[in-house]
>>> print(open('data-v8.txt').read())   # compact mmCIF, C-alpha atoms
# COMPACT_ATOMS: atom_id res chain seq x y z
CA MET A 156 38.74 -20.49 -25.99
CA PRO A 157 37.98 -18.45 -29.08
CA SER A 158 38.20 -20.46 -32.28
CA LEU A 159 40.53 -19.53 -35.10
CA ASN A 160 37.52 -18.63 -37.19
CA SER A 161 36.29 -16.07 -34.81
CA PHE A 162 39.84 -14.87 -34.38
CA PHE A 163 40.16 -14.13 -38.07
CA GLN A 164 36.67 -12.83 -38.49
CA PHE A 165 36.41 -9.31 -39.71
CA LYS A 166 35.65 -6.98 -36.86
CA ALA A 167 33.41 -4.13 -37.76
CA PRO A 168 34.97 -0.76 -37.07
CA THR A 169 33.76 0.82 -33.89
CA PRO A 170 31.01 3.31 -34.54
CA VAL A 171 32.31 6.80 -34.18
CA LEU A 172 30.55 9.42 -32.14
CA THR A 173 28.36 11.14 -34.69
CA GLU A 174 27.78 14.83 -34.72
CA ARG A 175 24.17 14.33 -33.72
CA ALA A 176 25.07 12.06 -30.81
CA PHE A 177 27.61 14.62 -29.73
CA ALA A 178 25.05 17.39 -29.81
CA GLU A 179 22.71 15.28 -27.69
CA LEU A 180 25.49 14.50 -25.28
CA LEU A 181 26.31 18.16 -25.06
CA GLU A 182 22.71 18.98 -24.28
CA GLN A 183 22.39 16.29 -21.62
CA GLN A 184 25.73 16.51 -19.97
CA GLN A 185 26.65 20.16 -19.91
CA ARG A 186 24.96 20.81 -16.59
CA PRO A 187 26.21 17.79 -14.63
CA LEU A 188 29.64 18.16 -16.16
CA LEU A 189 29.84 21.80 -15.26
CA GLY A 190 28.71 20.83 -11.75
CA THR A 191 31.53 18.33 -11.41
CA ALA A 192 34.05 20.81 -12.71
CA LEU A 193 32.78 23.47 -10.38
CA ARG A 194 33.03 21.11 -7.42
CA LEU A 195 36.58 20.22 -8.31
CA VAL A 196 37.88 23.64 -9.27
CA GLY A 197 35.72 25.92 -7.17
CA ASN A 198 35.59 28.72 -9.71
CA LEU A 199 32.82 29.07 -12.24
CA GLU A 200 34.80 30.61 -15.09
CA GLU A 201 37.56 28.04 -14.90
CA ALA A 202 35.05 25.23 -14.52
CA LYS A 203 33.31 26.44 -17.66
CA ASP A 204 36.56 26.54 -19.61
CA LEU A 205 37.55 23.08 -18.45
CA ALA A 206 34.15 21.61 -19.29
CA GLN A 207 34.34 23.11 -22.75
CA ILE A 208 37.84 21.76 -23.27
CA ALA A 209 36.60 18.33 -22.15
CA PHE A 210 33.83 18.39 -24.76
CA ILE A 211 36.21 19.51 -27.47
CA LYS A 212 38.77 16.86 -26.56
CA LEU A 213 36.10 14.18 -26.63
CA TRP A 214 35.14 15.26 -30.13
CA GLN A 215 38.73 15.45 -31.33
CA HIS A 216 39.52 11.97 -30.06
CA ARG A 217 36.21 10.38 -30.95
CA GLN A 218 37.95 7.81 -33.15
CA ARG A 219 39.63 6.35 -30.11
CA LEU A 220 36.48 5.85 -28.07
CA GLN A 221 35.58 2.27 -27.35
CA THR A 222 32.08 0.93 -27.44
CA GLU A 223 32.11 -0.84 -24.09
CA ARG A 224 31.47 2.38 -22.26
CA PRO A 225 29.08 5.22 -22.85
CA ALA A 226 30.53 8.40 -24.22
CA HIS A 227 29.73 10.36 -21.08
CA PHE A 228 32.07 8.13 -19.11
CA TYR A 229 34.97 9.25 -21.31
CA LEU A 230 33.76 12.80 -21.10
CA ARG A 231 33.81 12.69 -17.32
CA ARG A 232 37.18 11.02 -17.28
CA ILE A 233 38.67 13.68 -19.52
CA LEU A 234 37.17 16.38 -17.34
CA VAL A 235 38.43 14.89 -14.08
CA ASN A 236 41.94 14.59 -15.45
CA LEU A 237 41.81 18.13 -16.80
CA CYS A 238 40.66 19.42 -13.43
CA ILE A 239 43.37 17.57 -11.54
CA ASP A 240 46.01 18.93 -13.89
CA HIS A 241 44.56 22.38 -13.57
CA LEU A 242 44.53 22.24 -9.78
CA ARG A 243 48.05 20.92 -9.67
CA ARG A 244 49.33 23.62 -11.97
CA LYS A 245 47.51 26.29 -10.09
CA GLY A 246 48.74 25.00 -6.77
CA LYS A 247 52.27 25.16 -8.03
CA HIS A 248 52.30 28.51 -9.77
CA GLY A 249 49.17 30.41 -9.01
CA PRO A 250 47.65 32.03 -5.96
CA ALA A 251 45.76 30.02 -3.37
CA LEU A 252 42.64 28.31 -4.55
CA GLU A 253 39.67 30.54 -4.95
CA PHE A 254 36.36 29.39 -3.70
CA GLU A 255 33.16 31.00 -4.82
CA GLU A 256 30.76 30.23 -2.06
CA GLU A 257 27.66 31.57 -3.68
CA PHE A 258 27.43 28.62 -6.09
CA PHE A 259 27.72 26.01 -3.39
CA ILE A 260 25.59 27.14 -0.55
CA PRO A 261 21.98 27.46 -1.58
CA ALA A 262 20.58 30.87 -0.82
CA SER A 263 17.41 29.83 1.00
CA SER A 264 15.27 31.66 3.48
CA ASN A 265 17.30 31.98 6.63
CA PRO A 266 15.73 30.53 9.68
CA GLN A 267 18.10 30.14 12.58
CA GLN A 268 18.40 26.33 12.29
CA GLN A 269 19.58 26.48 8.74
CA LEU A 270 22.29 28.95 9.53
CA GLU A 271 24.33 26.39 11.41
CA ALA A 272 24.04 23.77 8.72
CA LYS A 273 25.11 26.34 6.19
CA GLU A 274 28.12 27.28 8.22
CA THR A 275 29.11 23.62 8.54
CA GLN A 276 28.78 23.13 4.82
CA THR A 277 30.93 26.14 4.08
CA ARG A 278 33.56 24.87 6.43
CA LEU A 279 33.39 21.42 4.84
CA TRP A 280 33.92 22.88 1.39
CA GLN A 281 36.89 24.82 2.65
CA CYS A 282 38.39 21.64 4.11
CA LEU A 283 37.82 19.80 0.84
CA ASN A 284 39.45 22.56 -1.12
CA ALA A 285 42.54 22.45 1.03
CA LEU A 286 43.20 18.83 -0.01
CA PRO A 287 45.72 17.83 -2.66
CA SER A 288 44.09 17.55 -6.06
CA LYS A 289 44.05 13.75 -6.36
CA GLN A 290 42.68 13.23 -2.87
CA LYS A 291 40.11 15.90 -3.42
CA ALA A 292 39.01 14.39 -6.69
CA ALA A 293 38.79 10.91 -5.19
CA LEU A 294 36.77 12.08 -2.22
CA LEU A 295 34.41 14.22 -4.26
CA LEU A 296 33.75 11.55 -6.82
CA ARG A 297 33.22 8.87 -4.21
CA GLU A 298 31.32 10.69 -1.50
CA VAL A 299 29.68 13.68 -3.06
CA GLU A 300 28.93 12.36 -6.53
CA GLY A 301 28.28 8.86 -5.22
CA HIS A 302 30.44 6.81 -7.60
CA THR A 303 31.66 3.40 -6.45
CA VAL A 304 35.34 2.83 -5.72
CA ALA A 305 35.76 0.97 -9.01
CA GLU A 306 34.16 3.77 -10.99
CA THR A 307 36.26 6.35 -9.20
CA ALA A 308 39.38 4.37 -10.03
CA GLU A 309 38.44 4.29 -13.69
CA LEU A 310 37.61 7.95 -13.77
CA LEU A 311 40.92 8.81 -12.18
CA SER A 312 42.79 6.26 -14.36
CA CYS A 313 44.38 4.57 -11.37
CA SER A 314 44.00 1.37 -9.38
CA GLN A 315 41.33 0.81 -6.78
CA ASN A 316 43.96 0.55 -4.09
CA THR A 317 45.27 3.99 -5.00
CA VAL A 318 41.76 5.32 -4.73
CA LEU A 319 41.32 3.72 -1.32
CA VAL A 320 44.59 5.19 -0.08
CA ASN A 321 43.65 8.63 -1.38
CA LEU A 322 40.22 8.32 0.19
CA HIS A 323 41.67 7.34 3.51
CA LEU A 324 44.13 10.23 3.57
CA ALA A 325 41.49 12.72 2.48
CA ARG A 326 38.92 11.56 5.02
CA LYS A 327 41.46 11.62 7.79
CA LYS A 328 42.49 15.18 7.01
CA VAL A 329 38.95 16.45 6.58
CA LYS A 330 37.76 14.70 9.71
CA GLU A 331 40.56 16.17 11.81
CA LYS A 332 40.00 19.65 10.48
CA MET A 333 36.26 19.44 11.00
CA GLN A 334 36.72 18.16 14.55
CA GLN A 335 39.08 21.01 15.35
CA TRP A 336 36.67 23.50 13.91
CA LEU A 337 33.70 22.05 15.80
CA LEU A 338 35.66 22.13 19.06
CA ALA A 339 36.66 25.75 18.41
CA THR A 340 33.07 26.79 17.68
CA GLU A 341 31.77 24.97 20.78
CA GLN A 342 34.34 26.69 22.95
CA SER A 343 33.60 30.10 21.51
CA SER A 344 29.82 29.65 21.90
CA SER A 345 30.14 28.47 25.46
CA MET B 255 46.40 0.49 22.54
CA PRO B 256 48.70 -1.38 20.19
CA ARG B 257 45.87 -3.31 18.55
CA CYS B 258 44.14 -0.11 17.55
CA GLU B 259 47.05 0.93 15.37
CA LYS B 260 46.43 -2.10 13.24
CA PHE B 261 42.89 -1.02 12.46
CA LYS B 262 43.39 2.73 12.24
CA THR B 263 43.78 2.80 8.49
CA GLN B 264 40.73 0.61 7.99
CA LEU B 265 38.24 2.55 10.08
CA ALA B 266 37.34 5.07 7.40
CA LEU B 267 36.92 2.32 4.84
CA TYR B 268 34.82 0.33 7.31
CA ALA B 269 32.57 3.29 7.99
CA ASN B 270 31.92 3.66 4.29
CA GLY B 271 31.50 -0.03 3.60
CA GLU B 272 34.54 -0.28 1.36
CA LEU B 273 36.28 -3.14 3.14
CA PRO B 274 36.20 -6.72 1.87
CA ALA B 275 34.13 -9.10 4.01
CA LYS B 276 37.00 -10.76 5.84
CA GLN B 277 38.58 -7.55 7.00
CA ARG B 278 35.19 -6.13 7.83
CA GLU B 279 34.55 -8.96 10.26
CA ARG B 280 37.89 -8.40 11.93
CA VAL B 281 37.28 -4.68 12.30
CA ALA B 282 33.78 -5.33 13.64
CA ALA B 283 35.20 -7.71 16.24
CA HIS B 284 37.69 -5.07 17.28
CA LEU B 285 35.06 -2.37 17.44
CA ALA B 286 32.97 -4.43 19.83
CA LEU B 287 35.85 -4.17 22.30
CA CYS B 288 37.24 -0.69 21.62
CA PRO B 289 35.13 2.38 22.34
CA SER B 290 37.67 4.88 20.96
CA CYS B 291 37.70 3.22 17.57
CA ARG B 292 33.89 3.10 17.68
CA ALA B 293 33.88 6.83 18.21
CA GLU B 294 36.19 7.31 15.29
CA VAL B 295 34.02 5.19 13.05
CA GLU B 296 31.08 7.26 14.15
CA ALA B 297 32.97 10.43 13.26
CA TYR B 298 33.71 9.06 9.80
CA ARG B 299 30.06 8.15 9.35
CA GLN B 300 29.02 11.64 10.30
CA LEU B 301 31.51 13.08 7.85
CA ALA B 302 30.18 10.86 5.09
CA GLU B 303 26.64 11.94 5.86
CA ARG B 304 27.66 15.57 5.84
CA MET B 305 29.36 15.21 2.53
CA HIS B 306 26.43 13.32 1.14
CA ASP B 307 24.17 16.14 2.25
CA LEU B 308 26.25 18.75 0.51
CA PRO B 309 23.99 20.41 -2.03
CA SER B 310 25.09 20.20 -5.61
CA PRO B 311 26.41 23.53 -6.81
CA THR B 312 23.84 25.77 -8.37
CA ILE B 313 24.85 26.73 -11.84
CA PRO B 314 23.50 30.13 -12.81
CA GLU B 315 21.77 30.40 -16.17
CA HIS B 316 24.23 32.95 -17.49
CA ALA B 317 27.04 30.41 -17.14
CA LEU B 318 25.42 28.16 -19.71
CA ARG B 319 24.70 30.94 -22.14
CA GLY B 320 26.90 30.48 -25.18
CA PHE B 321 28.39 27.30 -23.73
CA THR B 322 27.19 25.04 -26.52
CA GLN B 323 27.91 27.57 -29.22
CA ALA B 324 31.52 28.02 -28.14
CA ILE B 325 32.09 24.27 -28.37
CA MET B 326 30.33 23.94 -31.71
CA ASP B 327 32.43 26.79 -33.12
CA GLN B 328 35.57 25.05 -32.01
CA ILE B 329 34.73 21.69 -33.53
CA ALA B 330 33.30 23.01 -36.79
CA PRO B 331 35.49 22.01 -39.72
CA ARG B 332 37.72 24.89 -40.72
CA GLN B 333 37.11 26.59 -44.05
CA ARG B 334 39.72 25.51 -46.51
CA ARG B 335 41.61 28.40 -48.00
CA ARG B 336 41.69 28.67 -51.75
CA PRO B 337 44.87 27.09 -53.10
CA ARG B 338 47.42 29.49 -54.50
CA ALA B 339 49.67 29.00 -57.50
CA PHE B 340 52.88 28.18 -55.66
CA ASP B 341 51.48 26.14 -52.80
CA PHE B 342 53.22 23.04 -54.10
CA ILE B 343 56.59 24.48 -53.15
CA SER B 344 55.73 24.68 -49.48
CA HIS B 345 54.08 21.27 -49.81
CA LEU B 346 57.29 19.77 -51.09
CA PHE B 347 59.10 20.84 -47.95
CA ARG B 348 56.63 19.31 -45.56
CA PRO B 349 58.14 16.83 -43.10
CA ARG B 350 56.46 13.90 -44.80
CA TRP B 351 58.66 14.47 -47.85
CA ARG B 352 61.89 14.31 -45.91
CA TYR B 353 62.61 10.68 -46.82
CA ALA B 354 61.90 11.39 -50.46
CA TRP B 355 64.35 14.25 -50.38
CA ALA B 356 66.96 12.14 -48.64
CA THR B 357 66.53 9.40 -51.24
CA ALA B 358 66.80 11.88 -54.08
CA ALA B 359 69.99 13.29 -52.59
CA MET B 360 71.46 9.79 -52.29
CA VAL B 361 70.58 8.95 -55.90
CA ALA B 362 72.10 12.20 -57.09
CA LEU B 363 75.24 11.49 -55.13
CA MET B 364 75.49 7.99 -56.58
CA PHE B 365 74.99 9.38 -60.06
CA VAL B 366 77.80 11.88 -59.61
CA LEU B 367 80.11 9.19 -58.23
CA GLY B 368 79.14 6.94 -61.14
CA LEU B 369 80.07 9.64 -63.62
CA TRP B 370 83.44 9.80 -61.94
CA TYR B 371 84.05 6.18 -62.96
CA VAL B 372 82.79 6.44 -66.52
CA PRO B 373 85.74 5.77 -68.80
CA LEU B 374 86.62 8.33 -71.40
CA GLU B 375 85.99 7.55 -74.99
CA ARG B 376 89.17 6.55 -76.74
CA GLU B 377 90.39 8.92 -79.37
CA GLY B 378 90.89 8.18 -83.03
CA PRO B 379 89.85 5.20 -85.15
CA PRO B 380 90.58 1.71 -83.86
CA ALA B 381 93.84 0.14 -85.00
CA ARG B 382 93.54 -2.28 -87.88
CA LYS B 383 96.86 -4.11 -87.74
CA LEU B 384 97.67 -6.76 -85.13
CA ALA B 385 101.45 -6.98 -85.58
CA PRO B 386 102.29 -3.34 -84.73
CA LEU B 387 99.99 -3.50 -81.74
CA LEU B 388 101.74 -6.58 -80.43
CA GLN B 389 105.13 -5.04 -81.04
CA ALA B 390 104.15 -1.88 -79.22
CA ARG B 391 102.46 -3.95 -76.50
CA ALA B 392 99.48 -1.63 -76.97
CA TRP B 393 96.99 -3.83 -75.14
CA ASP B 394 94.27 -1.29 -74.70
CA LYS B 395 94.26 -0.42 -78.38
CA LEU B 396 94.07 -4.08 -79.20
CA TYR B 397 91.21 -4.50 -76.82
CA TYR B 398 89.23 -1.65 -78.31
CA GLY B 399 90.03 -2.88 -81.81
CA LEU B 400 88.60 -6.27 -80.90
CA LEU B 401 85.46 -4.67 -79.60
CA GLU B 402 84.70 -2.81 -82.83
CA LYS B 403 82.88 -4.95 -85.36
CA GLU B 404 84.68 -3.79 -88.48
CA THR B 405 88.19 -4.17 -87.04
CA ARG B 406 87.52 -7.28 -84.96
CA ALA B 407 87.54 -9.65 -87.95
CA LEU B 408 90.70 -8.03 -89.32
CA LEU B 409 92.56 -8.39 -86.04
CA LEU B 410 91.32 -11.90 -85.30
CA HIS B 411 92.26 -13.32 -88.66
CA GLU B 412 95.51 -11.46 -89.36
CA PRO B 413 98.38 -13.97 -89.41
CA VAL B 414 101.32 -12.87 -87.27
CA PRO B 415 104.65 -14.60 -86.59
CA THR B 416 104.23 -17.13 -83.82
CA GLU B 417 107.28 -15.81 -81.91
CA LEU B 418 105.81 -12.36 -81.76
CA LEU B 419 102.45 -13.53 -80.46
CA LYS B 420 104.11 -15.88 -77.97
CA THR B 421 106.60 -13.42 -76.55
CA ALA B 422 104.05 -10.67 -76.36
CA LEU B 423 101.37 -12.79 -74.69
CA VAL B 424 103.81 -14.47 -72.29
CA GLU B 425 105.13 -11.08 -71.32
CA LEU B 426 101.62 -9.91 -70.70
CA LEU B 427 100.76 -13.01 -68.66
CA LYS B 428 103.93 -12.74 -66.60
CA LYS B 429 103.37 -9.12 -65.91
CA GLY B 430 99.83 -10.00 -65.02
CA GLU B 431 101.06 -12.26 -62.23
CA ARG B 432 102.40 -9.31 -60.36
CA ASP B 433 100.36 -6.50 -61.70
CA LEU B 434 96.71 -6.66 -60.93
CA ARG B 435 95.83 -4.05 -63.49
CA MET B 436 97.70 -5.93 -66.15
CA ARG B 437 95.90 -9.12 -65.23
CA ALA B 438 92.60 -7.33 -65.48
CA GLY B 439 93.68 -6.02 -68.88
CA LEU B 440 94.57 -9.52 -70.00
CA GLN B 441 91.28 -10.93 -68.90
CA ARG B 442 89.57 -8.15 -70.71
CA LEU B 443 91.55 -8.79 -73.83
CA LEU B 444 90.87 -12.52 -73.76
CA SER B 445 87.22 -12.02 -73.12
CA ALA B 446 87.12 -9.64 -76.06
CA VAL B 447 88.78 -12.24 -78.25
CA THR B 448 86.49 -15.07 -77.22
CA GLY B 449 83.49 -12.82 -77.29
CA ARG B 450 82.38 -14.29 -73.98
CA GLY B 451 83.30 -11.45 -71.72
CA SER B 452 81.39 -8.37 -70.95
CA LYS B 453 81.18 -5.80 -73.65
CA LEU B 454 81.95 -3.05 -71.22
CA ARG B 455 84.29 -0.30 -72.12
CA ASP B 456 85.78 -0.45 -68.70
CA ASP B 457 86.23 -2.88 -65.86
CA SER B 458 85.75 -0.27 -63.23
CA PRO B 459 83.73 -1.40 -60.21
CA SER B 460 80.88 0.90 -60.97
CA ALA B 461 80.73 -0.30 -64.59
CA LYS B 462 80.34 -3.84 -63.33
CA ILE B 463 77.53 -2.85 -61.06
CA MET B 464 75.61 -0.27 -62.97
CA GLY B 465 76.82 -0.30 -66.51
CA VAL B 466 78.51 2.46 -68.43
CA ILE B 467 77.40 5.57 -70.18
CA THR B 468 79.28 6.02 -73.44
CA ALA B 469 78.90 8.26 -76.43
CA ARG B 470 76.73 5.57 -77.99
CA GLY B 471 74.42 5.41 -75.04
CA TYR B 472 74.00 3.44 -71.88
CA ILE B 473 75.44 -0.05 -71.75
CA PRO B 474 73.88 -2.00 -68.92
CA ALA B 475 75.98 -4.17 -66.68
CA PRO B 476 75.95 -7.89 -67.59
CA ARG B 477 73.68 -10.05 -65.52
CA LYS B 478 76.49 -12.42 -64.66
CA LEU B 479 80.07 -11.45 -65.11
CA VAL B 480 81.88 -13.93 -67.35
CA ARG B 481 85.20 -14.90 -66.03
CA GLY B 482 88.09 -14.32 -68.37
CA TYR B 483 90.01 -16.93 -70.21
CA ASP B 484 92.20 -19.20 -68.11
CA ALA B 485 95.70 -17.82 -68.56
CA ASN B 486 97.42 -21.17 -67.78
CA VAL B 487 95.53 -22.98 -70.52
CA LEU B 488 96.57 -20.26 -72.91
CA LEU B 489 100.22 -20.58 -71.87
CA ARG B 490 100.12 -24.29 -72.53
CA GLU B 491 98.60 -23.71 -75.92
CA LEU B 492 101.23 -21.13 -76.75
CA ALA B 493 104.05 -23.52 -75.79
CA LYS B 494 102.69 -26.08 -78.28
CA LEU B 495 102.92 -23.65 -81.18
CA PRO B 496 105.82 -24.38 -83.56
CA ASP B 497 108.28 -21.54 -84.12
CA GLY B 498 108.65 -19.89 -87.50
CA ALA B 499 105.06 -20.31 -88.53
CA GLU B 500 102.32 -17.76 -88.68
CA VAL B 501 99.24 -17.95 -86.58
CA THR B 502 96.08 -15.92 -86.07
CA LEU B 503 94.44 -14.97 -82.80
CA ALA B 504 91.27 -16.76 -83.87
CA GLU B 505 93.09 -20.02 -84.22
CA ILE B 506 94.36 -20.12 -80.66
CA VAL B 507 91.16 -19.00 -79.13
CA ASN B 508 88.68 -20.94 -81.21
CA GLU B 509 90.29 -24.20 -80.28
CA LYS B 510 89.61 -23.53 -76.66
CA ASP B 511 86.17 -22.06 -77.12
>>> encode(input="data-v8.txt", output="structure tokens")
Amino acid sequence: MPSLNSFFQFKAPTPVLTERAFAELLEQQQRPLLGTALRLVGNLEEAKDLAQIAFIKLWQHRQRLQTERPAHFYLRRILVNLCIDHLRRKGKHGPALEFEEEFFIPASSNPQQQLEAKETQTRLWQCLNALPSKQKAALLLREVEGHTVAETAELLSCSQNTVLVNLHLARKKVKEKMQQWLLATEQSSS
Amino acid sequence: MPRCEKFKTQLALYANGELPAKQRERVAAHLALCPSCRAEVEAYRQLAERMHDLPSPTIPEHALRGFTQAIMDQIAPRQRRRPRAFDFISHLFRPRWRYAWATAAMVALMFVLGLWYVPLEREGPPARKLAPLLQARAWDKLYYGLLEKETRALLLHEPVPTELLKTALVELLKKGERDLRMRAGLQRLLSAVTGRGSKLRDDSPSAKIMGVITARGYIPAPRKLVRGYDANVLLRELAKLPDGAEVTLAEIVNEKD
């Protein structure tokens, strides 16, 4: 139990993100952040805009940052929420989601074995993009970016159970679609 | 298989190692018996592997060109514009001043209402003779005469026939029983005589609360309002007075003071 003394002790104000620290963060995180945004949104220009907005928002709200977590955690959280909002808005009002393949599938030398893998990956990206924004975000953060369930929950500002439900739904959908596609390709090849 | 339904939602979590230990054991026990669920778990594992193998998107160099600069431009503190001569006017109407304006409006309103209650200055010099005032039952003139220093002594110490003072005061007291305004006038008069009452020109509610503005300046409200003279005591005193003699106001009042 904390004593009264420690309760009344003056608590030093949380150090604010300095301009220098922000510049460093910007240097370190712009690439991974843009990658995450690109994965979530699927369009380079929009991903760039969202990543920039995330940086600006982090700077504007730097007073509210807490010290328990590194700044890039908040940055990522802002970005994920921005992307989900963006996807939701776009899904409601805009045209179907664009998907710029050239950024996702590495343009390597094309031996015949790699062609199949490439095709599978393209199909997988298409399946992922067809998911609702929250499920997509959960699945991408968990599986592709390799965050734990707890981290994903914090990034998405929801409970772990919500994340698990979203993950389950997303995996089920993607699995079914991929199985259908694989069956169709097998039939057509044979 | 009915048992499979129970585990269907847990298979994907099992395949990715997201289940708590207890549930994991149960699912594992079921999997040992059920080949279809095993196949499904295998499919989920494959999917996870495929997703894990997905290459991270390649970000072209041109995408990052100007990225940092755009952010830095946005967060740079804006140049303050040079203040102009009449900026304070627009500043006064900012939302943060709204309570100040509301308060000012209230004060102004109260001031106007207060002015409404300010009594008018009486006209002419104060009366110097007590007897004609009593005969005319001119209570307000008497009151004002008692308030003025130079006439107060004259009025207090002028001997008048006892009958006149008695009849006049009894009439005033009796009227005061029914007439609230008359009673207030009597109290005022008595307080002026004893010098204990408020020195206000008027007994209006606002004068009691916030004082009065007169031609001579602002007279603040008394801290504690002094109650007027007890009318019953005065009546008893008046009944004791012998007829046919002369008496002054000071005599009656000073005895009780």
>>> interface_residues(input="data-v8.txt", of="chain B", to="chain A", cutoff="9 Å", atoms="all atoms listed in the file", output="PDB file with C-alpha atoms, in the frame of the given file")
ATOM      1  CA  THR B 263      43.780   2.800   8.490  1.00  0.00           C
ATOM      2  CA  GLN B 264      40.730   0.610   7.990  1.00  0.00           C
ATOM      3  CA  LEU B 265      38.240   2.550  10.080  1.00  0.00           C
ATOM      4  CA  ALA B 266      37.340   5.070   7.400  1.00  0.00           C
ATOM      5  CA  LEU B 267      36.920   2.320   4.840  1.00  0.00           C
ATOM      6  CA  GLU B 272      34.540  -0.280   1.360  1.00  0.00           C
ATOM      7  CA  ALA B 297      32.970  10.430  13.260  1.00  0.00           C
ATOM      8  CA  TYR B 298      33.710   9.060   9.800  1.00  0.00           C
ATOM      9  CA  LEU B 301      31.510  13.080   7.850  1.00  0.00           C
ATOM     10  CA  ALA B 302      30.180  10.860   5.090  1.00  0.00           C
ATOM     11  CA  GLU B 303      26.640  11.940   5.860  1.00  0.00           C
ATOM     12  CA  ARG B 304      27.660  15.570   5.840  1.00  0.00           C
ATOM     13  CA  MET B 305      29.360  15.210   2.530  1.00  0.00           C
ATOM     14  CA  HIS B 306      26.430  13.320   1.140  1.00  0.00           C
ATOM     15  CA  ASP B 307      24.170  16.140   2.250  1.00  0.00           C
ATOM     16  CA  LEU B 308      26.250  18.750   0.510  1.00  0.00           C
ATOM     17  CA  PRO B 309      23.990  20.410  -2.030  1.00  0.00           C
ATOM     18  CA  SER B 310      25.090  20.200  -5.610  1.00  0.00           C
ATOM     19  CA  PRO B 311      26.410  23.530  -6.810  1.00  0.00           C
ATOM     20  CA  THR B 312      23.840  25.770  -8.370  1.00  0.00           C
ATOM     21  CA  ILE B 313      24.850  26.730 -11.840  1.00  0.00           C
ATOM     22  CA  PRO B 314      23.500  30.130 -12.810  1.00  0.00           C
ATOM     23  CA  ALA B 317      27.040  30.410 -17.140  1.00  0.00           C
ATOM     24  CA  LEU B 318      25.420  28.160 -19.710  1.00  0.00           C
ATOM     25  CA  PHE B 321      28.390  27.300 -23.730  1.00  0.00           C
ATOM     26  CA  THR B 322      27.190  25.040 -26.520  1.00  0.00           C
ATOM     27  CA  ALA B 324      31.520  28.020 -28.140  1.00  0.00           C
ATOM     28  CA  ILE B 325      32.090  24.270 -28.370  1.00  0.00           C
ATOM     29  CA  MET B 326      30.330  23.940 -31.710  1.00  0.00           C
ATOM     30  CA  GLN B 328      35.570  25.050 -32.010  1.00  0.00           C
ATOM     31  CA  ILE B 329      34.730  21.690 -33.530  1.00  0.00           C
TER      32      ILE B 329
END
>>> closest_residue(input="data-v8.txt", among="A:Glu201, A:Glu341, A:Glu179, A:Glu309", to="Leu237 (chain A)", atoms="all atoms listed in the file")
A:Glu201
>>> residues_around(input="data-v8.txt", residues="Ala283 (chain B)", least_positions_apart="5", cutoff="12 Å", atoms="all atoms listed in the file", output="VMD selection string")
chain B and resid 257 to 258 261 276 to 278 288 to 289 291 to 292
>>> write_last_selection(input="data-v8.txt", atoms="C-alpha atoms", output="mmCIF file, in the coordinates of the input")
data_model
loop_
_atom_site.group_PDB
_atom_site.id
_atom_site.type_symbol
_atom_site.label_atom_id
_atom_site.label_comp_id
_atom_site.auth_asym_id
_atom_site.auth_seq_id
_atom_site.Cartn_x
_atom_site.Cartn_y
_atom_site.Cartn_z
ATOM 1 C CA ARG B 257 45.870 -3.310 18.550
ATOM 2 C CA CYS B 258 44.140 -0.110 17.550
ATOM 3 C CA PHE B 261 42.890 -1.020 12.460
ATOM 4 C CA LYS B 276 37.000 -10.760 5.840
ATOM 5 C CA GLN B 277 38.580 -7.550 7.000
ATOM 6 C CA ARG B 278 35.190 -6.130 7.830
ATOM 7 C CA CYS B 288 37.240 -0.690 21.620
ATOM 8 C CA PRO B 289 35.130 2.380 22.340
ATOM 9 C CA CYS B 291 37.700 3.220 17.570
ATOM 10 C CA ARG B 292 33.890 3.100 17.680
#
>>> residues_near_point(input="data-v8.txt", point="(105.2, -9.5, -77.7)", cutoff="7 Å", atoms="only C-alpha atoms", output="ChimeraX atom specification")
/B:388-389,391,418-423,425
>>> atom_distance(input="data-v8.txt", atom1="CA of Arg336 (chain B)", atom2="CA of Arg350 (chain B)")
22.0 Å
>>> atom_distance(input="data-v8.txt", atom1="CA of Tyr229 (chain A)", atom2="CA of Leu310 (chain A)")
8.1 Å
>>> atom_distance(input="data-v8.txt", atom1="CA of His227 (chain A)", atom2="CA of Lys291 (chain A)")
21.2 Å
>>> closest_residue(input="data-v8.txt", among="B:Arg490, B:His345, B:His316, B:Arg382", to="Leu410 (chain B)", atoms="all atoms listed in the file")
B:Arg382
>>> axis_aligned_box(input="data-v8.txt", around="region 312-318 of chain B", padding_each_side="3 Å", output="lines of an AutoDock Vina configuration file")
center_x = 24.4
center_y = 29.4
center_z = -14.0
size_x = 11.3
size_y = 13.2
size_z = 17.3
